[in-house]
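Asker: Could you have a look at this structure, given as structure tokens, before my questions?
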Amino acid sequence: MSRIERPSTPDLVFQPSMSRRAFVRSATIGTVVVALGGATYVLAGTEDEKKARATKRPDGRPRLPPDQYLLTKIRPMGGAEGDPSPGAFRLRVHGEVEQPFTIDFAELLKMPQVDQTCDVHCVTKWTVLDARWTGVRLADLAARAKPKPSARHVIFEAHAGYTANVPIREALAPNVLVAHKYEGSPLARTHGAPVRALVPDLYFWKSAKWLTGVRFVATDKPGYWETRGYHNHADPWKEERYG
Ligand SMILES: Nc1nc2c(c(=O)[nH]1)N[C@H]1C(S)=C(S)[C@@H](COP(=O)(O)O)O[C@H]1N2
Ligand SMILES: [Mo]
């Protein structure tokens, strides 16, 4: 996983000594560069960040979790890409369920569609506010599969063996989607085309791209990043970054 560290910049700083490398780096993370009276200033996005930190979500938590900064668009974070064609897509819903099933892309589109605006938070410290997604609630797919009382966790399964584990109560929250659009357009290949998971209230690594399956399990099974030093749960407000 690539890591982005944010340079520490106050609101408006005159940095004649800033190296070209540091300047370019800060310019790529959403800062605004302005020229005033012949001097160059770096205007960091910190006013928006202060505002987002001061604003509360309906659940009482701040819009911006601790130690996060803002980007305006989600950033491709890599991973082994699956086949992006909707025609090849199959999603298997299985495990500790009464009615396991597999659906293709056309069947997914026939299920109730949700258009949702929500914030996403990457463990590398960027946050995007008001990202717009379209997809099907995982709870609706689960209702069709009928999880057994023994089901306690959901394992998102993706191309090339990537997995991410989420407790069932959190996975069935109404804002957890199997998403196929971002900002009104089909998902870009780098963002998981044709279908990804979206678990907005946990760090973004739980949102498996190139989704192939949703498996209900009785016993928790730490996934790809969870077995590589990342936290098993991943709550951004508790800064559950590393295990
Ligand atoms: N299949 C798969 N899904 C994945 C990953 C991956 O490597 N493979 N990376 C995760 C990580 S670490 C992050 S931060 C997000 C990044 O999503 P994005 O590239 O759309 O920003 O996807 C998550 N989903
Ligand atoms: Mo990540």
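By order of appearance in the structure tokens: chains A, B, ..., then residues from 1 within every chain, and ligands from 1 in the order shown.
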At a cut-off of 9 Å around ligand 1, and using only C-alpha atoms and all ligand atoms, what residues come up? Please write them as an NGL selection string.
Answerer: :A and (1-2 or 73-82 or 121-124 or 157-164 or 187-188 or 190-192 or 196-197 or 203-212 or 224-225)
Asker: Quick one: DSSP strand (DSSP E or B) residues in region 29-181 of chain A, as an MDAnalysis selection string?
Answerer: chainID A and resid 32:36 39:43 56 62 69:71 90:95 97 101:104 114:121 126:137 147 153:158 163:167 177:181
Asker: For the residues in that selection, give me C-alpha atoms as a short mmCIF file (atom, residue, chain, number, x, y, z; two decimals), in the first residue's frame.
Answerer:
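Contents of the output file again_37.cif:
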data_model
loop_
_atom_site.label_atom_id
_atom_site.label_comp_id
_atom_site.auth_asym_id
_atom_site.auth_seq_id
_atom_site.Cartn_x
_atom_site.Cartn_y
_atom_site.Cartn_z
CA VAL A 32 -4.07 25.81 -3.55
CA VAL A 33 -1.11 27.73 -4.83
CA VAL A 34 -1.57 31.48 -5.23
CA ALA A 35 0.69 34.28 -6.44
CA LEU A 36 0.24 37.57 -4.57
CA ALA A 39 5.39 36.08 -3.88
CA THR A 40 4.14 32.52 -3.98
CA TYR A 41 1.92 31.30 -1.18
CA VAL A 42 0.73 27.82 -0.40
CA LEU A 43 -2.82 27.90 0.78
CA LYS A 56 -20.94 16.88 13.80
CA PRO A 62 -17.02 14.89 13.88
CA TYR A 69 -6.95 15.75 5.82
CA LEU A 70 -9.26 16.47 2.91
CA LEU A 71 -9.10 15.48 -0.72
CA ARG A 90 -20.57 -12.65 -10.72
CA LEU A 91 -21.19 -12.07 -7.03
CA ARG A 92 -21.46 -15.06 -4.76
CA VAL A 93 -23.34 -14.59 -1.48
CA HIS A 94 -22.60 -17.63 0.64
CA GLY A 95 -21.33 -19.15 3.88
CA VAL A 97 -26.75 -18.56 5.08
CA PHE A 101 -26.91 -17.48 -4.40
CA THR A 102 -24.85 -15.99 -7.20
CA ILE A 103 -25.97 -12.93 -9.18
CA ASP A 104 -24.67 -11.29 -12.31
CA VAL A 114 -29.52 3.34 -3.51
CA ASP A 115 -27.99 6.70 -4.38
CA GLN A 116 -25.92 7.67 -1.37
CA THR A 117 -23.70 10.60 -0.43
CA CYS A 118 -21.24 9.79 2.35
CA ASP A 119 -17.71 10.46 3.56
CA VAL A 120 -14.82 8.01 3.10
CA HIS A 121 -11.64 7.82 5.15
CA TRP A 126 -7.04 11.36 3.33
CA THR A 127 -10.78 11.88 3.67
CA VAL A 128 -13.28 12.72 0.94
CA LEU A 129 -16.50 14.37 2.12
CA ASP A 130 -19.79 13.90 0.28
CA ALA A 131 -18.69 11.18 -2.11
CA ARG A 132 -21.65 9.99 -4.17
CA TRP A 133 -22.20 6.28 -4.74
CA THR A 134 -24.83 4.11 -6.37
CA GLY A 135 -25.37 0.48 -5.52
CA VAL A 136 -27.33 -2.13 -3.61
CA ARG A 137 -27.49 -2.31 0.18
CA PRO A 147 -27.93 -15.43 7.30
CA HIS A 153 -18.94 -11.61 10.53
CA VAL A 154 -18.95 -10.75 6.85
CA ILE A 155 -15.93 -11.45 4.68
CA PHE A 156 -15.75 -9.40 1.50
CA GLU A 157 -14.00 -11.48 -1.14
CA ALA A 158 -12.29 -9.93 -4.13
CA THR A 163 -10.44 -10.18 1.61
CA ALA A 164 -11.69 -7.79 4.30
CA ASN A 165 -13.61 -8.75 7.44
CA VAL A 166 -16.40 -6.70 9.06
CA PRO A 167 -18.61 -7.57 12.07
CA LEU A 177 -23.28 -0.90 -0.25
CA VAL A 178 -22.20 -3.13 -3.05
CA ALA A 179 -21.47 -0.16 -5.30
CA HIS A 180 -21.17 0.13 -9.08
CA LYS A 181 -21.11 3.92 -9.57
#
Asker: Choose the residue, out of A:Pro194, A:Ala106, A:Leu202, A:Glu47, that has the smallest atom-to-atom separation from Glu240 (chain A); count only C-alpha atoms.
Answerer: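 For Glu240 (chain A), the nearest of the given residues is A:Leu202.
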Asker: Let me make sure I understand: among A:Gly243, A:Ala218, A:Pro86, A:Ala173, which one has the smallest atom-to-atom distance to Tyr230 (chain A) if we use only C-alpha atoms?
Answerer: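 Looking at the shortest contact to Tyr230 (chain A), the residue is A:Gly243.
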Asker: Could you write out, as an MDAnalysis selection string, all the residues of region 12-189 of chain A that DSSP marks as alpha helix (DSSP H)?
Answerer: chainID A and resid 20:28 46:54 105:110 138:145 168:171
Asker: Could the residues in this selection be written to a file with N, CA and C atoms, as a JSON list (two decimals), in the first residue's frame?
Answerer:
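Generated output (selection-v9.json):
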[["chain", "number", "residue", "atom", "x", "y", "z"],
["A", 20, "ARG", "N", 11.65, 22.23, -4.12],
["A", 20, "ARG", "CA", 10.73, 21.96, -5.21],
["A", 20, "ARG", "C", 9.97, 20.67, -4.96],
["A", 21, "ARG", "N", 10.66, 19.68, -4.43],
["A", 21, "ARG", "CA", 10.01, 18.40, -4.17],
["A", 21, "ARG", "C", 8.86, 18.54, -3.17],
["A", 22, "ALA", "N", 9.14, 19.27, -2.06],
["A", 22, "ALA", "CA", 8.10, 19.45, -1.04],
["A", 22, "ALA", "C", 6.94, 20.26, -1.61],
["A", 23, "PHE", "N", 7.28, 21.24, -2.46],
["A", 23, "PHE", "CA", 6.26, 22.09, -3.05],
["A", 23, "PHE", "C", 5.35, 21.26, -3.96],
["A", 24, "VAL", "N", 5.95, 20.46, -4.80],
["A", 24, "VAL", "CA", 5.18, 19.64, -5.73],
["A", 24, "VAL", "C", 4.33, 18.64, -4.95],
["A", 25, "ARG", "N", 4.91, 18.10, -3.88],
["A", 25, "ARG", "CA", 4.18, 17.13, -3.08],
["A", 25, "ARG", "C", 2.94, 17.78, -2.45],
["A", 26, "SER", "N", 3.12, 18.98, -1.88],
["A", 26, "SER", "CA", 1.96, 19.60, -1.25],
["A", 26, "SER", "C", 0.95, 20.02, -2.31],
["A", 27, "ALA", "N", 1.44, 20.39, -3.49],
["A", 27, "ALA", "CA", 0.51, 20.79, -4.55],
["A", 27, "ALA", "C", -0.31, 19.61, -5.05],
["A", 28, "THR", "N", 0.18, 18.40, -4.87],
["A", 28, "THR", "CA", -0.57, 17.24, -5.37],
["A", 28, "THR", "C", -1.60, 16.74, -4.37],
["A", 46, "THR", "N", -6.84, 23.96, 5.05],
["A", 46, "THR", "CA", -7.12, 23.76, 6.47],
["A", 46, "THR", "C", -8.38, 24.45, 6.97],
["A", 47, "GLU", "N", -8.88, 25.47, 6.27],
["A", 47, "GLU", "CA", -10.14, 26.08, 6.72],
["A", 47, "GLU", "C", -11.28, 25.07, 6.58],
["A", 48, "ASP", "N", -11.31, 24.39, 5.44],
["A", 48, "ASP", "CA", -12.31, 23.33, 5.24],
["A", 48, "ASP", "C", -12.14, 22.23, 6.27],
["A", 49, "GLU", "N", -10.88, 21.93, 6.58],
["A", 49, "GLU", "CA", -10.62, 20.86, 7.55],
["A", 49, "GLU", "C", -11.09, 21.26, 8.95],
["A", 50, "LYS", "N", -10.83, 22.52, 9.32],
["A", 50, "LYS", "CA", -11.30, 23.00, 10.63],
["A", 50, "LYS", "C", -12.82, 22.92, 10.71],
["A", 51, "LYS", "N", -13.45, 23.31, 9.62],
["A", 51, "LYS", "CA", -14.91, 23.30, 9.56],
["A", 51, "LYS", "C", -15.42, 21.86, 9.70],
["A", 52, "ALA", "N", -14.79, 20.95, 8.96],
["A", 52, "ALA", "CA", -15.23, 19.54, 9.00],
["A", 52, "ALA", "C", -14.99, 18.93, 10.38],
["A", 53, "ARG", "N", -13.94, 19.41, 11.06],
["A", 53, "ARG", "CA", -13.67, 18.90, 12.41],
["A", 53, "ARG", "C", -14.70, 19.42, 13.41],
["A", 54, "ALA", "N", -15.19, 20.64, 13.15],
["A", 54, "ALA", "CA", -16.16, 21.27, 14.07],
["A", 54, "ALA", "C", -17.59, 20.82, 13.79],
["A", 105, "PHE", "N", -24.36, -9.03, -13.14],
["A", 105, "PHE", "CA", -24.49, -7.57, -13.09],
["A", 105, "PHE", "C", -25.93, -7.11, -13.37],
["A", 106, "ALA", "N", -26.57, -7.75, -14.37],
["A", 106, "ALA", "CA", -27.95, -7.36, -14.72],
["A", 106, "ALA", "C", -28.89, -7.60, -13.54],
["A", 107, "GLU", "N", -28.69, -8.71, -12.83],
["A", 107, "GLU", "CA", -29.54, -9.01, -11.68],
["A", 107, "GLU", "C", -29.29, -8.03, -10.53],
["A", 108, "LEU", "N", -28.03, -7.63, -10.39],
["A", 108, "LEU", "CA", -27.70, -6.65, -9.35],
["A", 108, "LEU", "C", -28.45, -5.33, -9.62],
["A", 109, "LEU", "N", -28.53, -4.95, -10.91],
["A", 109, "LEU", "CA", -29.21, -3.71, -11.28],
["A", 109, "LEU", "C", -30.72, -3.80, -11.09],
["A", 110, "LYS", "N", -31.25, -5.03, -11.05],
["A", 110, "LYS", "CA", -32.69, -5.20, -10.84],
["A", 110, "LYS", "C", -33.07, -5.09, -9.36],
["A", 138, "LEU", "N", -25.99, -3.93, 1.16],
["A", 138, "LEU", "CA", -25.59, -5.29, 1.54],
["A", 138, "LEU", "C", -26.72, -5.95, 2.33],
["A", 139, "ALA", "N", -27.45, -5.15, 3.13],
["A", 139, "ALA", "CA", -28.56, -5.69, 3.91],
["A", 139, "ALA", "C", -29.63, -6.31, 3.01],
["A", 140, "ASP", "N", -29.83, -5.74, 1.82],
["A", 140, "ASP", "CA", -30.82, -6.31, 0.89],
["A", 140, "ASP", "C", -30.34, -7.63, 0.30],
["A", 141, "LEU", "N", -29.03, -7.71, 0.01],
["A", 141, "LEU", "CA", -28.47, -8.99, -0.48],
["A", 141, "LEU", "C", -28.55, -10.03, 0.63],
["A", 142, "ALA", "N", -28.28, -9.60, 1.87],
["A", 142, "ALA", "CA", -28.32, -10.52, 3.01],
["A", 142, "ALA", "C", -29.74, -11.04, 3.24],
["A", 143, "ALA", "N", -30.72, -10.14, 3.07],
["A", 143, "ALA", "CA", -32.12, -10.55, 3.30],
["A", 143, "ALA", "C", -32.49, -11.68, 2.35],
["A", 144, "ARG", "N", -31.94, -11.63, 1.14],
["A", 144, "ARG", "CA", -32.21, -12.68, 0.16],
["A", 144, "ARG", "C", -31.50, -13.98, 0.52],
["A", 145, "ALA", "N", -30.30, -13.87, 1.09],
["A", 145, "ALA", "CA", -29.51, -15.07, 1.44],
["A", 145, "ALA", "C", -29.91, -15.66, 2.79],
["A", 168, "ILE", "N", -20.82, -8.45, 11.54],
["A", 168, "ILE", "CA", -22.09, -8.49, 10.80],
["A", 168, "ILE", "C", -22.98, -7.29, 11.09],
["A", 169, "ARG", "N", -23.03, -6.84, 12.33],
["A", 169, "ARG", "CA", -23.89, -5.70, 12.68],
["A", 169, "ARG", "C", -23.48, -4.46, 11.88],
["A", 170, "GLU", "N", -22.17, -4.24, 11.75],
["A", 170, "GLU", "CA", -21.69, -3.07, 10.99],
["A", 170, "GLU", "C", -21.84, -3.28, 9.49],
["A", 171, "ALA", "N", -21.68, -4.52, 9.04],
["A", 171, "ALA", "CA", -21.79, -4.80, 7.60],
["A", 171, "ALA", "C", -23.23, -4.62, 7.11]]
Asker: Restricting the calculation to only C-alpha atoms and all ligand atoms, which member of A:Pro200, A:Lys125, A:Val176, A:Gln68 is positioned closest to ligand 2?
Answerer: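 Closest to ligand 2, using only C-alpha atoms and all ligand atoms: A:Lys125.
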Asker: Please provide the set of residues having any atom within 7 Å of Pro66 (chain A), restricted to only C-alpha atoms, with same-chain residues fewer than 2 positions apart removed, written as an MDAnalysis selection string.
Answerer: chainID A and resid 64 68 237 239
Asker: Between CA of Gly87 (chain A) and CA of Tyr182 (chain A), what is the distance, to one decimal in Å?
Answerer: 19.0 Å
Asker: With distances taken over only C-alpha atoms, which of A:Val195, A:Ser150, A:Glu183, A:Ala88 is nearest to Thr72 (chain A)?
Answerer: A:Glu183
Asker: Identify which of the residues A:Ala193, A:Gly213, A:Tyr242, A:Pro186 lies closest to Thr227 (chain A), counting only C-alpha atoms when measuring atom-to-atom distances.
Answerer: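 Ranking A:Ala193, A:Gly213, A:Tyr242, A:Pro186 by distance to Thr227 (chain A), first place goes to A:Tyr242.
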